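A.B. asks: My structure is in start-v5.pdb, and what it holds is PDB, C-alpha atoms:
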ATOM      1  CA  MET A   1       0.000   0.000   0.000  1.00  0.00           C
ATOM      2  CA  THR A   2       1.412   3.383  -0.949  1.00  0.00           C
ATOM      3  CA  MET A   3       1.217   6.500   1.165  1.00  0.00           C
ATOM      4  CA  PRO A   4      -0.581   9.553  -0.204  1.00  0.00           C
ATOM      5  CA  LEU A   5       1.747  12.241  -1.484  1.00  0.00           C
ATOM      6  CA  LYS A   6       0.528  14.697   1.173  1.00  0.00           C
ATOM      7  CA  ASN A   7       1.724  12.345   3.905  1.00  0.00           C
ATOM      8  CA  ILE A   8       5.105  11.905   2.249  1.00  0.00           C
ATOM      9  CA  VAL A   9       5.585  15.663   1.893  1.00  0.00           C
ATOM     10  CA  LEU A  10       4.483  16.272   5.485  1.00  0.00           C
ATOM     11  CA  GLU A  11       6.860  13.574   6.729  1.00  0.00           C
ATOM     12  CA  LYS A  12       9.788  15.169   4.859  1.00  0.00           C
ATOM     13  CA  ILE A  13       8.991  18.587   6.344  1.00  0.00           C
ATOM     14  CA  ALA A  14       8.628  17.149   9.854  1.00  0.00           C
ATOM     15  CA  GLU A  15      11.982  15.342   9.569  1.00  0.00           C
ATOM     16  CA  ALA A  16      13.790  18.505   8.549  1.00  0.00           C
ATOM     17  CA  GLY A  17      11.895  20.869  10.846  1.00  0.00           C
ATOM     18  CA  SER A  18      12.210  23.659   8.303  1.00  0.00           C
ATOM     19  CA  LEU A  19      13.546  23.842   4.777  1.00  0.00           C
ATOM     20  CA  THR A  20      13.073  25.780   1.566  1.00  0.00           C
ATOM     21  CA  ASP A  21      10.692  24.765  -1.167  1.00  0.00           C
ATOM     22  CA  SER A  22      13.573  24.004  -3.547  1.00  0.00           C
ATOM     23  CA  GLU A  23      15.243  21.747  -0.948  1.00  0.00           C
ATOM     24  CA  LEU A  24      11.979  19.869  -0.444  1.00  0.00           C
ATOM     25  CA  PHE A  25      11.414  19.533  -4.184  1.00  0.00           C
ATOM     26  CA  LYS A  26      14.953  18.168  -4.688  1.00  0.00           C
ATOM     27  CA  SER A  27      14.546  15.759  -1.779  1.00  0.00           C
ATOM     28  CA  LEU A  28      11.316  14.385  -3.215  1.00  0.00           C
ATOM     29  CA  SER A  29      12.870  14.089  -6.686  1.00  0.00           C
ATOM     30  CA  LYS A  30      15.834  12.115  -5.300  1.00  0.00           C
ATOM     31  CA  GLU A  31      13.420   9.591  -3.805  1.00  0.00           C
ATOM     32  CA  GLY A  32      11.618   9.166  -7.111  1.00  0.00           C
ATOM     33  CA  TYR A  33       8.581  11.376  -6.503  1.00  0.00           C
ATOM     34  CA  LEU A  34       8.443  13.469  -9.662  1.00  0.00           C
ATOM     35  CA  ILE A  35       5.789  16.124  -9.151  1.00  0.00           C
ATOM     36  CA  ALA A  36       4.730  18.917 -11.460  1.00  0.00           C
ATOM     37  CA  GLU A  37       5.371  22.366 -10.007  1.00  0.00           C
ATOM     38  CA  ASP A  38       1.678  23.297  -9.914  1.00  0.00           C
ATOM     39  CA  ARG A  39       0.799  20.070  -8.056  1.00  0.00           C
ATOM     40  CA  PHE A  40       3.676  20.670  -5.636  1.00  0.00           C
ATOM     41  CA  ASN A  41       2.362  24.183  -4.910  1.00  0.00           C
ATOM     42  CA  LYS A  42      -1.165  22.797  -4.429  1.00  0.00           C
ATOM     43  CA  LEU A  43       0.132  20.214  -1.941  1.00  0.00           C
ATOM     44  CA  LEU A  44       1.875  22.933   0.055  1.00  0.00           C
ATOM     45  CA  LEU A  45      -1.247  25.104  -0.031  1.00  0.00           C
ATOM     46  CA  ASP A  46      -3.470  22.219   1.109  1.00  0.00           C
ATOM     47  CA  LEU A  47      -1.136  21.369   3.995  1.00  0.00           C
ATOM     48  CA  GLU A  48      -1.002  25.029   5.009  1.00  0.00           C
ATOM     49  CA  ILE A  49      -4.795  25.345   4.927  1.00  0.00           C
ATOM     50  CA  LEU A  50      -5.084  22.243   7.093  1.00  0.00           C
ATOM     51  CA  GLY A  51      -2.767  23.946   9.594  1.00  0.00           C
ATOM     52  CA  LEU A  52      -0.037  21.327   9.343  1.00  0.00           C
ATOM     53  CA  ILE A  53       2.727  23.547   7.929  1.00  0.00           C
ATOM     54  CA  LYS A  54       3.680  27.215   7.717  1.00  0.00           C
ATOM     55  CA  VAL A  55       4.897  28.685   4.436  1.00  0.00           C
ATOM     56  CA  ALA A  56       6.623  32.072   4.361  1.00  0.00           C
ATOM     57  CA  TRP A  57       8.333  33.890   1.504  1.00  0.00           C
ATOM     58  CA  ILE A  58      12.065  34.447   2.052  1.00  0.00           C
ATOM     59  CA  THR A  59      12.848  36.056  -1.292  1.00  0.00           C
ATOM     60  CA  LYS A  60      10.916  36.530  -4.490  1.00  0.00           C
ATOM     61  CA  ASP A  61      11.569  32.935  -5.565  1.00  0.00           C
ATOM     62  CA  ASN A  62      12.189  31.074  -2.286  1.00  0.00           C
ATOM     63  CA  ARG A  63       9.797  29.970   0.427  1.00  0.00           C
ATOM     64  CA  ARG A  64      10.561  28.697   3.921  1.00  0.00           C
ATOM     65  CA  ILE A  65       8.437  25.696   4.907  1.00  0.00           C
ATOM     66  CA  GLU A  66       8.120  24.709   8.559  1.00  0.00           C
ATOM     67  CA  ALA A  67       6.222  21.976  10.340  1.00  0.00           C
ATOM     68  CA  PHE A  68       3.542  23.477  12.532  1.00  0.00           C
ATOM     69  CA  THR A  69       3.488  22.240  16.104  1.00  0.00           C
ATOM     70  CA  VAL A  70       0.960  23.100  18.759  1.00  0.00           C
ATOM     71  CA  ASP A  71       2.059  23.071  22.363  1.00  0.00           C
ATOM     72  CA  GLU A  72      -0.938  22.399  24.551  1.00  0.00           C
ATOM     73  CA  GLU A  73      -1.145  24.683  27.521  1.00  0.00           C
ATOM     74  CA  ILE A  74      -2.247  22.898  30.680  1.00  0.00           C
ATOM     75  CA  ASP A  75      -4.639  24.944  32.737  1.00  0.00           C
ATOM     76  CA  GLU A  76      -4.128  24.226  36.461  1.00  0.00           C
ATOM     77  CA  VAL A  77      -7.772  24.914  37.333  1.00  0.00           C
ATOM     78  CA  ASP A  78      -9.019  22.493  34.666  1.00  0.00           C
ATOM     79  CA  LYS A  79      -6.506  19.905  35.864  1.00  0.00           C
ATOM     80  CA  GLN A  80      -7.727  20.240  39.466  1.00  0.00           C
ATOM     81  CA  ASN A  81     -11.372  20.075  38.355  1.00  0.00           C
ATOM     82  CA  LYS A  82     -10.696  16.893  36.392  1.00  0.00           C
ATOM     83  CA  GLU A  83      -8.923  15.275  39.357  1.00  0.00           C
ATOM     84  CA  MET A  84     -11.783  16.232  41.665  1.00  0.00           C
ATOM     85  CA  ALA A  85     -14.365  14.836  39.235  1.00  0.00           C
ATOM     86  CA  GLU A  86     -12.433  11.553  39.062  1.00  0.00           C
ATOM     87  CA  LYS A  87     -12.309  11.329  42.875  1.00  0.00           C
ATOM     88  CA  ASP A  88     -16.035  12.077  43.121  1.00  0.00           C
ATOM     89  CA  TYR A  89     -16.775   9.413  40.522  1.00  0.00           C
ATOM     90  CA  GLU A  90     -14.692   6.819  42.363  1.00  0.00           C
ATOM     91  CA  ALA A  91     -16.320   7.773  45.672  1.00  0.00           C
ATOM     92  CA  SER A  92     -19.789   7.231  44.196  1.00  0.00           C
ATOM     93  CA  PHE A  93     -19.324   3.445  44.317  1.00  0.00           C
ATOM     94  CA  PRO A  94     -20.311   2.253  47.814  1.00  0.00           C
ATOM     95  CA  GLY A  95     -18.515  -0.644  49.416  1.00  0.00           C
ATOM     96  CA  ILE A  96     -15.303  -0.238  47.411  1.00  0.00           C
ATOM     97  CA  ASP A  97     -12.164   0.824  49.236  1.00  0.00           C
ATOM     98  CA  ASN A  98     -10.955   4.023  47.565  1.00  0.00           C
ATOM     99  CA  ASP A  99      -7.446   5.102  48.472  1.00  0.00           C
TER     100      ASP A  99
END
Represent the structure of the file as structure tokens.

C.D. replies:
Amino acid sequence: MTMPLKNIVLEKIAEAGSLTDSELFKSLSKEGYLIAEDRFNKLLLDLEILGLIKVAWITKDNRRIEAFTVDEEIDEVDKQNKEMAEKDYEASFPGIDND
């Protein structure tokens, strides 16, 4: 079973962290993925719309492509509320020793 081209492109970007569009295109070509330039641009646009990558222009002809990562912020109040709800749930079972 072959992987969709979007997954392959996203994997390449994630491995590198950030790279230029020409570096990515060359890397894909070396591995045998020959893509037309318009399809390559559409893939990048689709991945950017999905929020998986960031694309920024460096110069007139070069773009910087970065994998987009989201760091989840842990809210202490939500964490405490969740722990309390779990304790209340466990305490709702009579006859079971809850430590």

A.B. asks: For this file, the PyMOL selection byres ((chain A and resi 19-29) around 10) selects which residues, as a VMD selection string?

C.D. replies: chain A and resid 5 8 to 9 12 to 18 30 to 37 40 to 41 44 55 to 58 61 to 67

A.B. asks: Write out as lines of an AutoDock Vina configuration file an axis-aligned box for segment 61-66 of chain A: all of its atoms listed in the file, 6 Å added on each side, centre and edge lengths in Å with one decimal.

C.D. replies:
center_x = 10.2
center_y = 28.8
center_z = 1.5
size_x = 16.1
size_y = 20.2
size_z = 26.1

A.B. asks: Figure out the distance between atom CA of Val77 of chain A and atom CA of Pro94 of chain A, please, to one decimal in Å.

C.D. replies: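 If I compute the distance from atom CA of Pro94 of chain A to atom CA of Val77 of chain A, I get 27.9 Å.
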
A.B. asks: Work out how far apart atom CA of Leu43 of chain A and atom CA of Glu73 of chain A are and give it in Å to one decimal.

C.D. replies: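 Taking atom CA of Leu43 of chain A and atom CA of Glu73 of chain A, their separation equals 29.8 Å.
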
A.B. asks: Smallest atom-to-atom distance to Asp46 of chain A: which of A:Met3, A:Leu10, A:Ala91, A:Ile74, using only C-alpha atoms?

C.D. replies: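 Using only C-alpha atoms, the shortest distance to Asp46 of chain A belongs to A:Leu10.
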